[in-house]
$ cat query.txt   # compact mmCIF, C-alpha atoms
# COMPACT_ATOMS: atom_id res chain seq x y z
CA MET U 1 3.12 7.56 5.31
CA ASP U 2 3.52 9.23 8.62
CA SER U 3 6.37 8.06 10.79
CA ALA U 4 8.81 10.74 11.90
CA ARG U 5 11.32 7.98 12.56
CA ASP U 6 11.58 6.99 8.89
CA SER U 7 15.04 7.06 7.37
CA PRO U 8 15.41 9.72 4.65
CA HIS U 9 16.59 6.90 2.38
CA TYR U 10 13.47 4.76 2.34
CA PHE U 11 12.66 5.97 -1.20
CA SER U 12 16.07 4.76 -2.44
CA ALA U 13 16.28 1.63 -4.55
CA GLU U 14 19.15 0.33 -2.42
CA PRO U 15 19.50 2.30 0.84
CA ALA U 16 22.89 2.87 2.39
CA GLY U 17 24.03 1.23 5.60
CA PRO U 18 23.92 -2.33 6.85
CA GLU U 19 20.64 -4.21 6.71
CA GLN U 20 20.74 -5.33 10.38
CA ARG U 21 17.50 -7.28 10.36
CA ARG U 22 15.49 -7.76 13.52
CA ARG U 23 12.38 -9.71 14.35
CA LEU U 24 9.20 -8.15 15.67
CA GLU U 25 5.92 -9.51 16.94
CA VAL U 26 3.04 -7.64 15.31
CA THR U 27 -0.69 -8.17 15.01
CA LEU U 28 -2.04 -8.59 11.47
CA ALA U 29 -5.50 -9.83 10.52
CA GLY U 30 -6.20 -10.44 14.21
CA ARG U 31 -3.19 -12.75 14.56
CA SER U 32 0.13 -12.33 16.31
CA VAL U 33 2.86 -12.97 13.74
CA THR U 34 6.64 -12.64 13.59
CA VAL U 35 8.11 -10.43 10.87
CA GLU U 36 11.52 -9.01 10.06
CA THR U 37 12.33 -5.34 9.53
CA ALA U 38 15.53 -3.35 9.04
CA PRO U 39 16.77 0.27 8.97
CA SER U 40 16.31 2.60 6.00
CA ILE U 41 12.81 1.41 5.16
CA PHE U 42 9.44 2.89 6.04
CA SER U 43 8.27 2.25 9.62
CA PRO U 44 10.97 -0.23 10.70
CA ASP U 45 9.65 -0.32 14.27
CA GLY U 46 6.32 -1.98 13.45
CA VAL U 47 2.93 -1.17 11.97
CA ASP U 48 2.76 2.60 11.52
CA LYS U 49 -0.19 4.64 12.75
CA GLY U 50 -1.61 5.32 9.30
CA THR U 51 -1.59 1.68 8.24
CA ALA U 52 -3.11 0.67 11.57
CA ALA U 53 -5.89 3.24 11.13
CA MET U 54 -6.57 1.95 7.63
CA LEU U 55 -6.68 -1.69 8.73
CA ARG U 56 -9.22 -0.82 11.42
CA THR U 57 -11.41 1.03 8.91
CA VAL U 58 -11.49 -0.68 5.53
CA PRO U 59 -13.88 -3.53 4.71
CA GLU U 60 -12.49 -7.05 4.80
CA PRO U 61 -11.23 -8.00 1.34
CA PRO U 62 -12.97 -10.62 -0.80
CA SER U 63 -11.70 -14.17 -0.47
CA SER U 64 -10.35 -14.17 -4.02
CA GLY U 65 -9.35 -11.79 -6.79
CA ALA U 66 -6.32 -9.84 -7.96
CA PHE U 67 -5.11 -7.43 -5.26
CA LEU U 68 -2.38 -4.78 -5.21
CA ASP U 69 -0.40 -3.11 -2.42
CA ILE U 70 1.34 0.05 -3.68
CA GLY U 71 4.54 0.75 -1.71
CA CYS U 72 4.42 -2.36 0.44
CA GLY U 73 7.42 -1.68 2.72
CA TRP U 74 8.10 -4.71 4.88
CA GLY U 75 4.56 -5.84 4.16
CA PRO U 76 1.83 -5.03 6.71
CA LEU U 77 -0.90 -4.43 4.10
CA ALA U 78 0.15 -7.17 1.69
CA LEU U 79 0.55 -9.69 4.51
CA THR U 80 -2.87 -8.78 5.91
CA LEU U 81 -4.42 -9.29 2.48
CA GLY U 82 -2.62 -12.62 2.24
CA LEU U 83 -3.84 -13.79 5.64
CA LEU U 84 -7.44 -12.72 5.02
CA SER U 85 -7.73 -13.84 1.39
CA PRO U 86 -5.89 -17.13 0.84
CA GLU U 87 -7.36 -17.60 -2.64
CA ALA U 88 -6.37 -14.16 -3.94
CA GLU U 89 -3.41 -13.29 -6.15
CA ILE U 90 -1.62 -10.45 -4.37
CA THR U 91 0.97 -8.19 -5.97
CA ALA U 92 3.08 -5.99 -3.69
CA VAL U 93 5.14 -3.28 -5.41
CA GLU U 94 8.09 -1.51 -3.81
CA VAL U 95 10.98 0.62 -5.12
CA ASN U 96 13.18 0.04 -2.04
CA ASP U 97 14.93 -3.28 -2.69
CA ARG U 98 15.63 -3.84 1.00
CA ALA U 99 11.97 -3.41 1.89
CA ALA U 100 10.98 -5.66 -1.03
CA ARG U 101 13.30 -8.42 0.21
CA LEU U 102 11.83 -8.12 3.69
CA CYS U 103 8.26 -8.28 2.40
CA ARG U 104 9.12 -11.30 0.25
CA ASP U 105 10.79 -13.07 3.19
CA ASN U 106 7.96 -12.17 5.56
CA ALA U 107 5.43 -13.64 3.14
CA ALA U 108 7.51 -16.81 2.89
CA ARG U 109 7.81 -17.01 6.69
CA LEU U 110 4.00 -16.89 6.94
CA GLU U 111 3.64 -19.38 4.05
CA LEU U 112 1.74 -16.84 1.98
CA ARG U 113 2.81 -18.16 -1.40
CA HIS U 114 0.11 -16.17 -3.20
CA ILE U 115 1.99 -12.89 -2.56
CA SER U 116 4.35 -11.70 -5.29
CA VAL U 117 6.71 -8.81 -4.47
CA GLN U 118 7.93 -6.85 -7.49
CA ARG U 119 9.44 -3.58 -8.54
CA PRO U 120 6.83 -1.38 -10.26
CA GLU U 121 8.37 -1.82 -13.71
CA GLU U 122 8.19 -5.61 -13.36
CA VAL U 123 4.38 -5.63 -13.25
CA PRO U 124 3.03 -6.25 -16.77
CA PRO U 125 1.28 -3.09 -18.05
CA GLU U 126 -1.85 -5.05 -18.92
CA ARG U 127 -2.25 -6.39 -15.38
CA THR U 128 -5.44 -5.19 -13.68
CA PHE U 129 -6.70 -5.44 -10.12
CA ASP U 130 -9.94 -5.92 -8.24
CA LEU U 131 -8.68 -4.25 -5.07
CA ILE U 132 -5.88 -1.83 -4.22
CA TRP U 133 -4.68 -1.01 -0.71
CA SER U 134 -1.99 1.58 -0.12
CA ASN U 135 -0.35 3.81 2.42
CA PRO U 136 1.18 5.92 -0.36
CA PRO U 137 4.56 7.68 0.03
CA ILE U 138 3.27 11.21 0.53
CA ARG U 139 6.74 12.55 1.37
CA VAL U 140 8.13 11.53 -2.01
CA GLY U 141 6.75 14.82 -3.35
CA LYS U 142 3.55 15.89 -5.06
CA GLU U 143 4.69 15.30 -8.64
CA ALA U 144 5.97 11.79 -7.96
CA LEU U 145 2.93 10.94 -5.85
CA HIS U 146 0.55 12.07 -8.57
CA ALA U 147 2.44 10.03 -11.17
CA LEU U 148 2.30 6.98 -8.93
CA LEU U 149 -1.46 7.25 -8.38
CA LEU U 150 -2.15 7.80 -12.08
CA THR U 151 -0.07 4.74 -12.88
CA TRP U 152 -1.95 2.34 -10.60
CA LEU U 153 -5.49 3.59 -9.95
CA PRO U 154 -6.54 3.23 -13.61
CA ARG U 155 -5.63 -0.46 -13.36
CA LEU U 156 -8.73 -1.15 -11.34
CA VAL U 157 -11.25 -3.34 -13.14
CA PRO U 158 -14.86 -2.13 -13.43
CA GLY U 159 -16.36 -2.65 -9.99
CA GLY U 160 -12.93 -2.54 -8.38
CA GLU U 161 -12.00 -0.39 -5.39
CA ALA U 162 -8.89 1.28 -4.01
CA TYR U 163 -8.37 2.38 -0.40
CA LEU U 164 -5.63 4.87 0.46
CA VAL U 165 -4.66 6.23 3.86
CA VAL U 166 -3.28 9.77 4.03
CA GLN U 167 -2.47 11.86 7.07
CA LYS U 168 -4.74 14.89 7.28
CA ASN U 169 -1.93 17.38 7.90
CA LEU U 170 0.03 15.99 4.92
CA GLY U 171 -2.61 17.02 2.40
CA ALA U 172 -5.33 14.38 2.46
CA ASP U 173 -8.12 16.92 1.95
CA SER U 174 -6.47 18.43 -1.12
CA LEU U 175 -5.43 15.06 -2.56
CA LEU U 176 -9.00 13.79 -2.80
CA PRO U 177 -10.31 16.48 -5.19
CA TRP U 178 -7.11 16.17 -7.22
CA ILE U 179 -7.72 12.41 -7.64
CA GLU U 180 -11.32 13.07 -8.69
CA LYS U 181 -10.31 15.69 -11.26
CA ALA U 182 -7.30 13.83 -12.64
CA LEU U 183 -9.17 10.57 -13.14
CA GLU U 184 -12.17 12.33 -14.68
CA GLU U 185 -9.91 14.12 -17.16
CA ARG U 186 -8.26 10.88 -18.26
CA HIS U 187 -11.19 8.47 -17.87
CA PRO U 188 -14.45 10.45 -18.08
CA GLY U 189 -17.25 8.93 -16.04
CA ALA U 190 -15.22 5.86 -15.09
CA PHE U 191 -14.26 6.65 -11.47
CA THR U 192 -15.65 8.07 -8.27
CA ALA U 193 -13.56 9.14 -5.29
CA SER U 194 -14.71 9.82 -1.74
CA ARG U 195 -13.63 9.98 1.86
CA PHE U 196 -14.43 6.56 3.30
CA GLY U 197 -13.45 7.26 6.89
CA THR U 198 -11.46 9.34 9.34
CA GLU U 199 -9.48 8.10 12.31
CA LYS U 200 -6.97 9.86 14.57
CA GLY U 201 -5.83 12.43 12.04
CA PHE U 202 -5.86 10.11 9.04
CA ARG U 203 -8.21 10.07 6.07
CA ILE U 204 -9.10 6.82 4.37
CA LEU U 205 -9.92 7.60 0.75
CA ARG U 206 -11.87 5.29 -1.53
CA VAL U 207 -11.63 5.24 -5.31
CA GLN U 208 -14.17 3.10 -7.20
CA ARG U 209 -14.16 2.21 -10.88
CA THR U 210 -17.65 2.09 -12.34
CA LEU U 211 -16.89 1.68 -16.05

$ encode --input "query.txt" --output "structure tokens"
Amino acid sequence: MDSARDSPHYFSAEPAGPEQRRRLEVTLAGRSVTVETAPSIFSPDGVDKGTAAMLRTVPEPPSSGAFLDIGCGWGPLALTLGLLSPEAEITAVEVNDRAARLCRDNAARLELRHISVQRPEEVPPERTFDLIWSNPPIRVGKEALHALLLTWLPRLVPGGEAYLVVQKNLGADSLLPWIEKALEERHPGAFTASRFGTEKGFRILRVQRTL
């Protein structure tokens, strides 16, 4: 995540201050749509630069499958998945309850009933995914970020893929070898990790499960 305008409270379960929702027109999946945002969440002013770079770079998702958005915020990645893949089952996880409510309401506004917004602990531990998209919360700190990635990346099914966008100057080039090493230690021979693309100071990382 990259926006300097983020509130310092967007990692909080219930951020302080009034919600003060506002509507924005944004472009997702090539369509102009109306969404709601609010203060004290990530990127309340629209689609952030990292997410936009990722959406321009990653392959279009399959039409069906089980998909995951880690740290959905108000929903740009989850909503895009929902618009592009109407037959998929999409899970969006978010620790910030305000952001989760916004994502849930934005999905309902766009009639994307196949999007489920949950807190991380509400997702059954046996649930697996064919595709993961994420603009992970880099600023939450290295230890918490590593724990988050090791919670969700192993939930890919064999043949599944994850795409992560990370700002270069926030450690993208050191995160990639860490992902490779950490997954290999825990799941020998099961994963590969690579740089899928680069755009405007952002790295798009790809993790693939082979076994």

$ closest_residue --input "query.txt" --among "U:Arg139, U:Arg31, U:Arg203, U:Arg186" --to "Asp173 (chain U)" --atoms "only C-alpha atoms"
U:Arg203

$ residues_around --input "query.txt" --residues "region 114-126 of chain U" --least-positions-apart "2" --cutoff "8 Å" --atoms "all atoms listed in the file" --output "list in words"
Ala78, Leu79, Gly82, Pro86, Glu87, Ala88, Glu89, Ile90, Thr91, Ala92, Val93, Glu94, Val95, Ala100, Cys103, Arg104, Ala107, Leu112 and Thr128 of chain U

$ closest_residue --input "query.txt" --among "U:Leu68, U:Gly171, U:Ala182, U:Leu84" --to "Trp152 (chain U)" --atoms "only C-alpha atoms"
U:Leu68

$ atom_distance --input "query.txt" --atom1 "CA of Pro39 (chain U)" --atom2 "CA of Val140 (chain U)"
17.9 Å

$ closest_residue --input "query.txt" --among "U:Leu77, U:Leu28, U:Leu131, U:Ala38" --to "Ser64 (chain U)" --atoms "only C-alpha atoms"
U:Leu131

$ axis_aligned_box --input "query.txt" --around "region 174-180 of chain U" --padding-each-side "5 Å" --output "lines of an AutoDock Vina configuration file"
center_x = -8.4
center_y = 15.4
center_z = -4.9
size_x = 15.9
size_y = 16.0
size_z = 17.6

$ atom_distance --input "query.txt" --atom1 "CA of Leu102 (chain U)" --atom2 "CA of Trp74 (chain U)"
5.2 Å

$ closest_atom_pairs --input "query.txt" --of "region 54-173 of chain U" --to "region 187-198 of chain U" --cutoff "12 Å" --atoms "only C-alpha atoms" --output "CSV"
residue,atom,partner,partner_atom,distance
U:Met54,CA,U:Gly197,CA,8.7
U:Leu55,CA,U:Gly197,CA,11.4
U:Arg56,CA,U:Gly197,CA,10.2
U:Thr57,CA,U:Gly197,CA,6.9
U:Val58,CA,U:Phe196,CA,8.1
U:Pro59,CA,U:Phe196,CA,10.2
U:Leu150,CA,U:His187,CA,10.8
U:Leu153,CA,U:Phe191,CA,9.4
U:Pro154,CA,U:His187,CA,8.2
U:Arg155,CA,U:Phe191,CA,11.3
U:Leu156,CA,U:Phe191,CA,9.6
U:Val157,CA,U:Ala190,CA,10.2
U:Pro158,CA,U:Ala190,CA,8.2
U:Gly159,CA,U:Phe191,CA,9.6
U:Gly160,CA,U:Phe191,CA,9.8
U:Glu161,CA,U:Phe191,CA,9.6
U:Ala162,CA,U:Ala193,CA,9.2
U:Tyr163,CA,U:Phe196,CA,8.2
U:Leu164,CA,U:Phe196,CA,9.4
U:Val165,CA,U:Thr198,CA,9.3
U:Val166,CA,U:Thr198,CA,9.8
U:Gln167,CA,U:Thr198,CA,9.6
U:Lys168,CA,U:Thr198,CA,9.0
U:Ala172,CA,U:Arg195,CA,9.4
U:Asp173,CA,U:Arg195,CA,8.9

$ atom_distance --input "query.txt" --atom1 "CA of Gly71 (chain U)" --atom2 "CA of Trp133 (chain U)"
9.4 Å

$ closest_residue --input "query.txt" --among "U:Arg23, U:Lys200, U:Leu183, U:Phe129" --to "Asn169 (chain U)" --atoms "all atoms listed in the file"
U:Lys200

$ closest_atom_pairs --input "query.txt" --of "region 56-139 of chain U" --to "region 42-45 of chain U" --cutoff "10 Å" --atoms "all atoms listed in the file" --output "CSV"
residue,atom,partner,partner_atom,distance
U:Gly71,CA,U:Phe42,CA,9.4
U:Cys72,CA,U:Phe42,CA,9.2
U:Gly73,CA,U:Phe42,CA,6.0
U:Trp74,CA,U:Phe42,CA,7.8
U:Asn96,CA,U:Phe42,CA,9.3
U:Ala99,CA,U:Phe42,CA,8.0
U:Pro137,CA,U:Phe42,CA,9.1

$ build_atoms --input "query.txt" --residues "region 132-143 of chain U" --atoms "N, CA and C atoms" --output "compact mmCIF listing (two decimals), keeping the file's coordinate frame"
# COMPACT_ATOMS: atom_id res chain seq x y z
N ILE U 132 -7.17 -2.45 -4.52
CA ILE U 132 -5.88 -1.83 -4.22
C ILE U 132 -5.92 -1.29 -2.80
N TRP U 133 -4.89 -1.62 -2.03
CA TRP U 133 -4.68 -1.01 -0.71
C TRP U 133 -3.34 -0.30 -0.76
N SER U 134 -3.27 0.89 -0.15
CA SER U 134 -1.99 1.58 -0.12
C SER U 134 -1.92 2.62 0.98
N ASN U 135 -0.76 2.67 1.61
CA ASN U 135 -0.35 3.81 2.42
C ASN U 135 0.69 4.52 1.56
N PRO U 136 0.27 5.41 0.66
CA PRO U 136 1.18 5.92 -0.36
C PRO U 136 2.27 6.83 0.22
N PRO U 137 3.41 6.90 -0.47
CA PRO U 137 4.56 7.68 0.03
C PRO U 137 4.36 9.17 -0.18
N ILE U 138 3.59 9.80 0.67
CA ILE U 138 3.27 11.21 0.53
C ILE U 138 4.54 12.07 0.48
N ARG U 139 5.54 11.72 1.27
CA ARG U 139 6.74 12.55 1.37
C ARG U 139 7.66 12.44 0.15
N VAL U 140 7.31 11.61 -0.81
CA VAL U 140 8.13 11.53 -2.01
C VAL U 140 7.99 12.78 -2.87
N GLY U 141 6.98 13.59 -2.60
CA GLY U 141 6.75 14.82 -3.35
C GLY U 141 5.50 14.73 -4.19
N LYS U 142 4.86 15.87 -4.40
CA LYS U 142 3.55 15.89 -5.06
C LYS U 142 3.61 15.33 -6.47
N GLU U 143 4.61 15.75 -7.24
CA GLU U 143 4.69 15.30 -8.64
C GLU U 143 4.84 13.79 -8.73
